[in-house]
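Okay, data_25.cif is below, mmCIF, C-alpha atoms:
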```
data_run
loop_
_atom_site.label_atom_id
_atom_site.label_comp_id
_atom_site.auth_asym_id
_atom_site.auth_seq_id
_atom_site.Cartn_x
_atom_site.Cartn_y
_atom_site.Cartn_z
CA MET A 1223 12.42 -17.94 29.03
CA THR A 1224 13.68 -14.37 29.24
CA ASN A 1225 11.57 -11.47 28.09
CA THR A 1226 13.87 -9.78 25.59
CA PRO A 1227 12.54 -6.52 24.16
CA LEU A 1228 11.66 -6.80 20.48
CA ILE A 1229 13.16 -3.39 19.78
CA GLU A 1230 16.41 -2.89 21.64
CA THR A 1231 16.99 0.20 23.78
CA SER A 1232 19.70 1.31 21.36
CA ASP A 1233 17.10 1.16 18.58
CA THR A 1234 14.50 3.17 20.50
CA ASN A 1235 17.10 5.81 21.32
CA GLN A 1236 17.56 6.29 17.57
CA ILE A 1237 13.83 6.79 16.95
CA VAL A 1238 13.52 10.53 16.77
CA VAL A 1239 10.04 11.77 16.03
CA LEU A 1240 9.63 15.37 15.00
CA ASP A 1241 6.53 17.27 16.08
CA ARG A 1242 5.31 17.65 12.51
CA ILE A 1243 5.74 14.01 11.46
CA SER A 1244 2.50 12.19 10.67
CA HIS A 1245 3.65 8.62 10.06
CA VAL A 1246 6.56 6.20 10.29
CA ASP A 1247 7.30 3.59 7.65
CA PHE A 1248 8.28 0.23 9.13
CA SER A 1249 10.08 -2.25 6.90
CA TRP A 1250 9.50 -5.99 7.29
CA SER A 1251 12.42 -7.18 5.19
CA LYS A 1252 14.54 -8.36 8.11
CA CYS A 1253 11.87 -9.26 10.67
CA ASN A 1254 11.21 -12.73 12.00
CA THR A 1255 7.92 -14.39 12.92
CA GLN A 1256 7.32 -11.84 15.70
CA ASP A 1257 6.50 -9.17 13.09
CA ALA A 1258 3.25 -7.94 14.57
CA ALA A 1259 4.72 -7.89 18.08
CA VAL A 1260 7.62 -5.73 16.84
CA LEU A 1261 5.19 -3.27 15.29
CA LYS A 1262 3.06 -3.17 18.43
CA HIS A 1263 6.20 -2.55 20.51
CA LEU A 1264 7.19 0.33 18.19
CA LYS A 1265 3.73 1.90 18.45
CA ASP A 1266 3.78 1.55 22.26
CA HIS A 1267 7.23 3.19 22.33
CA LEU A 1268 5.96 6.12 20.26
CA LEU A 1269 3.01 6.53 22.63
CA THR A 1270 5.38 6.70 25.63
CA LYS A 1271 6.96 9.69 23.90
CA ASN A 1272 3.46 11.22 23.56
CA LYS A 1273 3.69 10.89 19.82
CA PHE A 1274 0.45 9.90 18.13
CA VAL A 1275 2.10 8.81 14.93
CA LYS A 1276 0.66 6.42 12.36
CA VAL A 1277 2.87 3.44 11.55
CA LEU A 1278 2.75 2.06 8.01
CA ALA A 1279 4.03 -1.47 7.49
CA LYS A 1280 6.00 -1.93 4.29
CA ILE A 1281 5.25 -5.35 2.83
CA GLU A 1282 8.34 -6.37 0.90
CA SER A 1283 9.36 -9.88 1.97
CA LEU A 1284 8.20 -13.46 1.98
CA GLU A 1285 8.17 -13.37 5.79
CA SER A 1286 5.78 -10.43 5.78
CA LEU A 1287 3.44 -12.34 3.46
CA LYS A 1288 3.43 -15.29 5.86
CA ASN A 1289 2.25 -12.98 8.65
CA LEU A 1290 0.20 -10.65 6.49
CA GLU A 1291 -3.13 -10.62 8.33
CA GLU A 1292 -1.47 -10.14 11.71
CA ILE A 1293 0.67 -7.28 10.35
CA VAL A 1294 -2.31 -5.55 8.71
CA GLU A 1295 -4.35 -5.82 11.92
CA VAL A 1296 -1.65 -4.14 14.04
CA SER A 1297 -0.52 -1.49 11.55
CA ASP A 1298 -2.19 1.81 10.73
CA GLY A 1299 -1.74 1.20 7.00
CA ILE A 1300 0.20 -0.85 4.48
CA MET A 1301 2.63 -0.02 1.71
CA VAL A 1302 3.08 -2.74 -0.92
CA ALA A 1303 6.68 -2.56 -2.17
CA ARG A 1304 6.18 -4.51 -5.38
CA GLY A 1305 9.77 -4.14 -6.56
CA ASP A 1306 11.15 -5.80 -3.43
CA LEU A 1307 8.38 -8.41 -3.44
CA GLY A 1308 9.32 -9.29 -7.02
CA VAL A 1309 12.74 -10.32 -5.75
CA GLU A 1310 11.26 -12.49 -2.98
CA ILE A 1311 8.47 -14.23 -4.91
CA PRO A 1312 8.07 -15.23 -8.58
CA LEU A 1313 7.29 -12.14 -10.68
CA GLU A 1314 4.11 -13.65 -12.08
CA GLN A 1315 2.71 -13.88 -8.53
CA VAL A 1316 3.17 -10.17 -7.71
CA PRO A 1317 -0.14 -8.95 -9.26
CA ALA A 1318 -2.19 -11.62 -7.44
CA VAL A 1319 -0.40 -10.93 -4.15
CA GLU A 1320 -0.98 -7.18 -4.64
CA GLU A 1321 -4.70 -7.80 -5.09
CA GLU A 1322 -4.80 -10.12 -2.06
CA ILE A 1323 -3.14 -7.46 0.11
CA ILE A 1324 -5.53 -4.75 -1.12
CA ASP A 1325 -8.54 -7.00 -0.46
CA LEU A 1326 -7.33 -7.78 3.07
CA CYS A 1327 -6.69 -4.10 3.81
CA ARG A 1328 -10.17 -3.18 2.61
CA LYS A 1329 -11.67 -5.97 4.72
CA LEU A 1330 -9.81 -4.72 7.81
CA ASN A 1331 -10.41 -1.04 6.96
CA LYS A 1332 -6.72 -0.17 6.62
CA PRO A 1333 -5.36 2.18 3.94
CA VAL A 1334 -3.05 0.59 1.38
CA ILE A 1335 -0.45 2.27 -0.81
CA ILE A 1336 0.88 0.61 -3.97
CA ALA A 1337 4.50 1.55 -4.63
CA SER A 1338 7.42 0.71 -6.89
CA GLN A 1339 7.86 0.90 -10.62
CA LEU A 1340 4.42 2.22 -11.53
CA LEU A 1341 5.70 4.48 -14.32
CA GLU A 1342 9.35 3.42 -14.26
CA SER A 1343 10.04 4.22 -17.94
CA MET A 1344 9.24 7.88 -17.24
CA ILE A 1345 12.52 8.22 -15.42
CA GLU A 1346 14.03 8.50 -18.90
CA TYR A 1347 11.15 8.90 -21.38
CA PRO A 1348 8.34 11.46 -21.63
CA THR A 1349 5.57 8.90 -22.12
CA PRO A 1350 4.80 5.72 -20.19
CA THR A 1351 4.37 2.32 -21.77
CA ARG A 1352 0.85 1.01 -22.30
CA ALA A 1353 1.67 -1.74 -19.82
CA GLU A 1354 2.52 0.86 -17.15
CA VAL A 1355 -0.74 2.71 -17.72
CA ALA A 1356 -2.58 -0.63 -17.49
CA ASP A 1357 -0.71 -1.37 -14.26
CA VAL A 1358 -1.76 1.96 -12.71
CA SER A 1359 -5.32 1.37 -13.91
CA GLU A 1360 -5.40 -2.08 -12.34
CA ALA A 1361 -4.23 -0.77 -8.96
CA VAL A 1362 -7.03 1.82 -9.04
CA ARG A 1363 -9.55 -0.83 -10.15
CA GLN A 1364 -8.47 -2.99 -7.22
CA ARG A 1365 -9.30 0.03 -5.02
CA ALA A 1366 -5.89 0.88 -3.62
CA ASP A 1367 -6.06 4.00 -1.47
CA ALA A 1368 -2.93 5.58 -2.92
CA LEU A 1369 -0.28 5.06 -5.57
CA MET A 1370 3.27 6.15 -4.92
CA LEU A 1371 5.89 7.19 -7.42
CA SER A 1372 9.48 7.00 -6.30
CA GLY A 1373 12.27 7.14 -8.89
CA GLU A 1374 9.87 8.64 -11.41
CA SER A 1375 9.37 11.75 -9.33
CA ALA A 1376 12.59 11.77 -7.28
CA MET A 1377 15.16 11.54 -10.05
CA GLY A 1378 13.22 11.26 -13.26
CA SER A 1379 13.71 13.59 -16.18
CA TYR A 1380 9.91 13.85 -16.55
CA SER A 1381 8.75 13.93 -12.94
CA GLN A 1382 5.94 16.48 -13.44
CA LYS A 1383 4.65 14.59 -16.47
CA ALA A 1384 4.77 11.29 -14.51
CA ILE A 1385 2.64 12.85 -11.79
CA SER A 1386 0.24 14.16 -14.42
CA VAL A 1387 -0.05 10.72 -16.08
CA LEU A 1388 -0.66 9.09 -12.70
CA ARG A 1389 -3.33 11.67 -11.83
CA MET A 1390 -5.11 11.46 -15.21
CA THR A 1391 -5.06 7.65 -15.34
CA SER A 1392 -6.26 7.33 -11.76
CA ALA A 1393 -9.03 9.89 -12.25
CA ARG A 1394 -10.23 8.20 -15.43
CA MET A 1395 -10.31 4.76 -13.79
CA ASP A 1396 -12.06 6.17 -10.74
CA LEU A 1397 -14.71 7.82 -12.94
CA TRP A 1398 -15.13 4.62 -14.96
CA GLY A 1399 -15.58 2.63 -11.74
CA ARG A 1400 -18.24 5.03 -10.48
CA GLU A 1401 -20.07 4.90 -13.83
CA GLU A 1402 -19.94 1.10 -13.77
CA ASN A 1403 -21.30 1.02 -10.21
CA GLN A 1404 -24.08 3.43 -11.17
CA GLN A 1405 -25.05 1.26 -14.15
CA SER A 1406 -25.07 -1.86 -11.95
CA PHE A 1407 -27.25 -0.08 -9.40
CA LEU A 1408 -29.70 1.09 -12.07
CA LEU A 1409 -29.94 -2.44 -13.50
CA PHE A 1410 -30.53 -3.80 -10.01
CA CYS A 1411 -33.31 -1.24 -9.39
CA LYS A 1412 -34.87 -1.99 -12.77
CA ASP A 1413 -34.81 -5.76 -12.13
CA ASP A 1414 -36.23 -5.24 -8.65
CA ALA A 1415 -39.06 -3.05 -10.01
CA ILE A 1416 -40.02 -5.68 -12.62
CA ARG A 1417 -40.40 -8.49 -10.07
CA PRO A 1418 -43.99 -9.10 -8.88
#
```

Let's see the structure in the file written out as structure tokens.
Amino acid sequence: MTNTPLIETSDTNQIVVLDRISHVDFSWSKCNTQDAAVLKHLKDHLLTKNKFVKVLAKIESLESLKNLEEIVEVSDGIMVARGDLGVEIPLEQVPAVEEEIIDLCRKLNKPVIIASQLLESMIEYPTPTRAEVADVSEAVRQRADALMLSGESAMGSYSQKAISVLRMTSARMDLWGREENQQSFLLFCKDDAIRP
């Protein structure tokens, strides 16, 4: 068996890392079962160039889901590309898969970004749908580390408003979560104090 490099020399010659860059996004849409090895090879290559760059794995394919734990372990963080995932798996499975990815990232102490179509209607309209606000709220409730707008802020007619809605919704859900945790803690303390 020959030891073929997972990233070809021609590929590594095209990897140009600027001094100010802080991370590289790595897409898994076309990778095979050697996903984690490819990512490790990329990180090793960056280190040979004396570049201490974080590599975020973009989870967007069925193949990446099959190797999810291995990919999360090797990466510096994860981006969940829900739009692309919705093409690869049944749409009704996307929310459960999103939550599974977030849970795994939290377990392995890796940051996770939820991306794609969070406030999609705000590309054309000044207010989001209630479903979109609920979707943002759910991602915050699941404890995602970051939410990413794309079309909404890149080409949307209401980009500043979309950012404001995302910020307000996230802040409200975060506050609600802290209040809920505080109430649970107080109930726990009260129950503990009552016990003989």

What does the PyMOL selection byres ((chain A and resi 1389) around 12) select in this file, as an MDAnalysis selection string?
chainID A and resid 1341 1355 1358:1359 1362 1368:1371 1382:1388 1390:1396

- Just how far from atom CA of A:Arg1328 is atom CA of A:Leu1287, in Å to one decimal?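 It comes out at 16.4 Å.
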
**Request:** Determine the residue membership of the PyMOL selection byres ((chain A and resi 1305) around 10) for the file above and supply it as a list in words.
**Result:**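 Selected by the PyMOL selection byres ((chain A and resi 1305) around 10) here: Glu1282, Val1302, Ala1303, Arg1304, Asp1306, Leu1307, Gly1308, Val1309, Glu1310, Leu1313, Val1316, Ala1337, Ser1338, Gln1339 and Leu1340 of chain A.
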
Pull C-alpha atoms from the residues just selected and write them as a short mmCIF file (atom, residue, chain, number, x, y, z; two decimals), in the frame of the given file.
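Writing done, so here's again10.cif:
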```cif
data_model
loop_
_atom_site.label_atom_id
_atom_site.label_comp_id
_atom_site.auth_asym_id
_atom_site.auth_seq_id
_atom_site.Cartn_x
_atom_site.Cartn_y
_atom_site.Cartn_z
CA GLU A 1282 8.34 -6.37 0.90
CA VAL A 1302 3.08 -2.74 -0.92
CA ALA A 1303 6.68 -2.56 -2.17
CA ARG A 1304 6.18 -4.51 -5.38
CA ASP A 1306 11.15 -5.80 -3.43
CA LEU A 1307 8.38 -8.41 -3.44
CA GLY A 1308 9.32 -9.29 -7.02
CA VAL A 1309 12.74 -10.32 -5.75
CA GLU A 1310 11.26 -12.49 -2.98
CA LEU A 1313 7.29 -12.14 -10.68
CA VAL A 1316 3.17 -10.17 -7.71
CA ALA A 1337 4.50 1.55 -4.63
CA SER A 1338 7.42 0.71 -6.89
CA GLN A 1339 7.86 0.90 -10.62
CA LEU A 1340 4.42 2.22 -11.53
#
```

For this file, the PyMOL selection byres ((chain A and resi 1294) around 12) selects which residues, as a PDB file with C-alpha atoms, keeping the file's coordinate frame?
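That gives us result_35.pdb:
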```pdb
ATOM      1  CA  TRP A1250       9.500  -5.990   7.290  1.00  0.00           C
ATOM      2  CA  ASP A1257       6.500  -9.170  13.090  1.00  0.00           C
ATOM      3  CA  ALA A1258       3.250  -7.940  14.570  1.00  0.00           C
ATOM      4  CA  ALA A1259       4.720  -7.890  18.080  1.00  0.00           C
ATOM      5  CA  LEU A1261       5.190  -3.270  15.290  1.00  0.00           C
ATOM      6  CA  LYS A1262       3.060  -3.170  18.430  1.00  0.00           C
ATOM      7  CA  VAL A1277       2.870   3.440  11.550  1.00  0.00           C
ATOM      8  CA  LEU A1278       2.750   2.060   8.010  1.00  0.00           C
ATOM      9  CA  ALA A1279       4.030  -1.470   7.490  1.00  0.00           C
ATOM     10  CA  LYS A1280       6.000  -1.930   4.290  1.00  0.00           C
ATOM     11  CA  ILE A1281       5.250  -5.350   2.830  1.00  0.00           C
ATOM     12  CA  SER A1286       5.780 -10.430   5.780  1.00  0.00           C
ATOM     13  CA  LEU A1287       3.440 -12.340   3.460  1.00  0.00           C
ATOM     14  CA  LYS A1288       3.430 -15.290   5.860  1.00  0.00           C
ATOM     15  CA  ASN A1289       2.250 -12.980   8.650  1.00  0.00           C
ATOM     16  CA  LEU A1290       0.200 -10.650   6.490  1.00  0.00           C
ATOM     17  CA  GLU A1291      -3.130 -10.620   8.330  1.00  0.00           C
ATOM     18  CA  GLU A1292      -1.470 -10.140  11.710  1.00  0.00           C
ATOM     19  CA  ILE A1293       0.670  -7.280  10.350  1.00  0.00           C
ATOM     20  CA  GLU A1295      -4.350  -5.820  11.920  1.00  0.00           C
ATOM     21  CA  VAL A1296      -1.650  -4.140  14.040  1.00  0.00           C
ATOM     22  CA  SER A1297      -0.520  -1.490  11.550  1.00  0.00           C
ATOM     23  CA  ASP A1298      -2.190   1.810  10.730  1.00  0.00           C
ATOM     24  CA  GLY A1299      -1.740   1.200   7.000  1.00  0.00           C
ATOM     25  CA  ILE A1300       0.200  -0.850   4.480  1.00  0.00           C
ATOM     26  CA  MET A1301       2.630  -0.020   1.710  1.00  0.00           C
ATOM     27  CA  VAL A1302       3.080  -2.740  -0.920  1.00  0.00           C
ATOM     28  CA  GLU A1322      -4.800 -10.120  -2.060  1.00  0.00           C
ATOM     29  CA  ILE A1323      -3.140  -7.460   0.110  1.00  0.00           C
ATOM     30  CA  ILE A1324      -5.530  -4.750  -1.120  1.00  0.00           C
ATOM     31  CA  ASP A1325      -8.540  -7.000  -0.460  1.00  0.00           C
ATOM     32  CA  LEU A1326      -7.330  -7.780   3.070  1.00  0.00           C
ATOM     33  CA  CYS A1327      -6.690  -4.100   3.810  1.00  0.00           C
ATOM     34  CA  ARG A1328     -10.170  -3.180   2.610  1.00  0.00           C
ATOM     35  CA  LYS A1329     -11.670  -5.970   4.720  1.00  0.00           C
ATOM     36  CA  LEU A1330      -9.810  -4.720   7.810  1.00  0.00           C
ATOM     37  CA  ASN A1331     -10.410  -1.040   6.960  1.00  0.00           C
ATOM     38  CA  LYS A1332      -6.720  -0.170   6.620  1.00  0.00           C
ATOM     39  CA  PRO A1333      -5.360   2.180   3.940  1.00  0.00           C
ATOM     40  CA  VAL A1334      -3.050   0.590   1.380  1.00  0.00           C
TER      41      VAL A1334
END
```

- [ ] Go ahead and compute the interatomic distance for atom CA of A:Glu1321 and atom CA of A:Ile1335, in Å to one decimal.
- [x]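 So the two atoms, atom CA of A:Glu1321 and atom CA of A:Ile1335, lie 11.7 Å apart.
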
Quick one: distance from atom CA of A:Ala1376 to atom CA of A:Ala1361 in Å, one decimal?
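Distance reported for this atom pair: 21.0 Å.
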
**Prompt:** Near A:Glu1342, counting all atoms listed in the file, which residues have an atom at most 8 Å away, once you skip same-chain residues fewer than 3 positions from it, shown as a PyMOL selection string?
**Reply:** chain A and resi 1339+1345+1350+1354+1373-1374
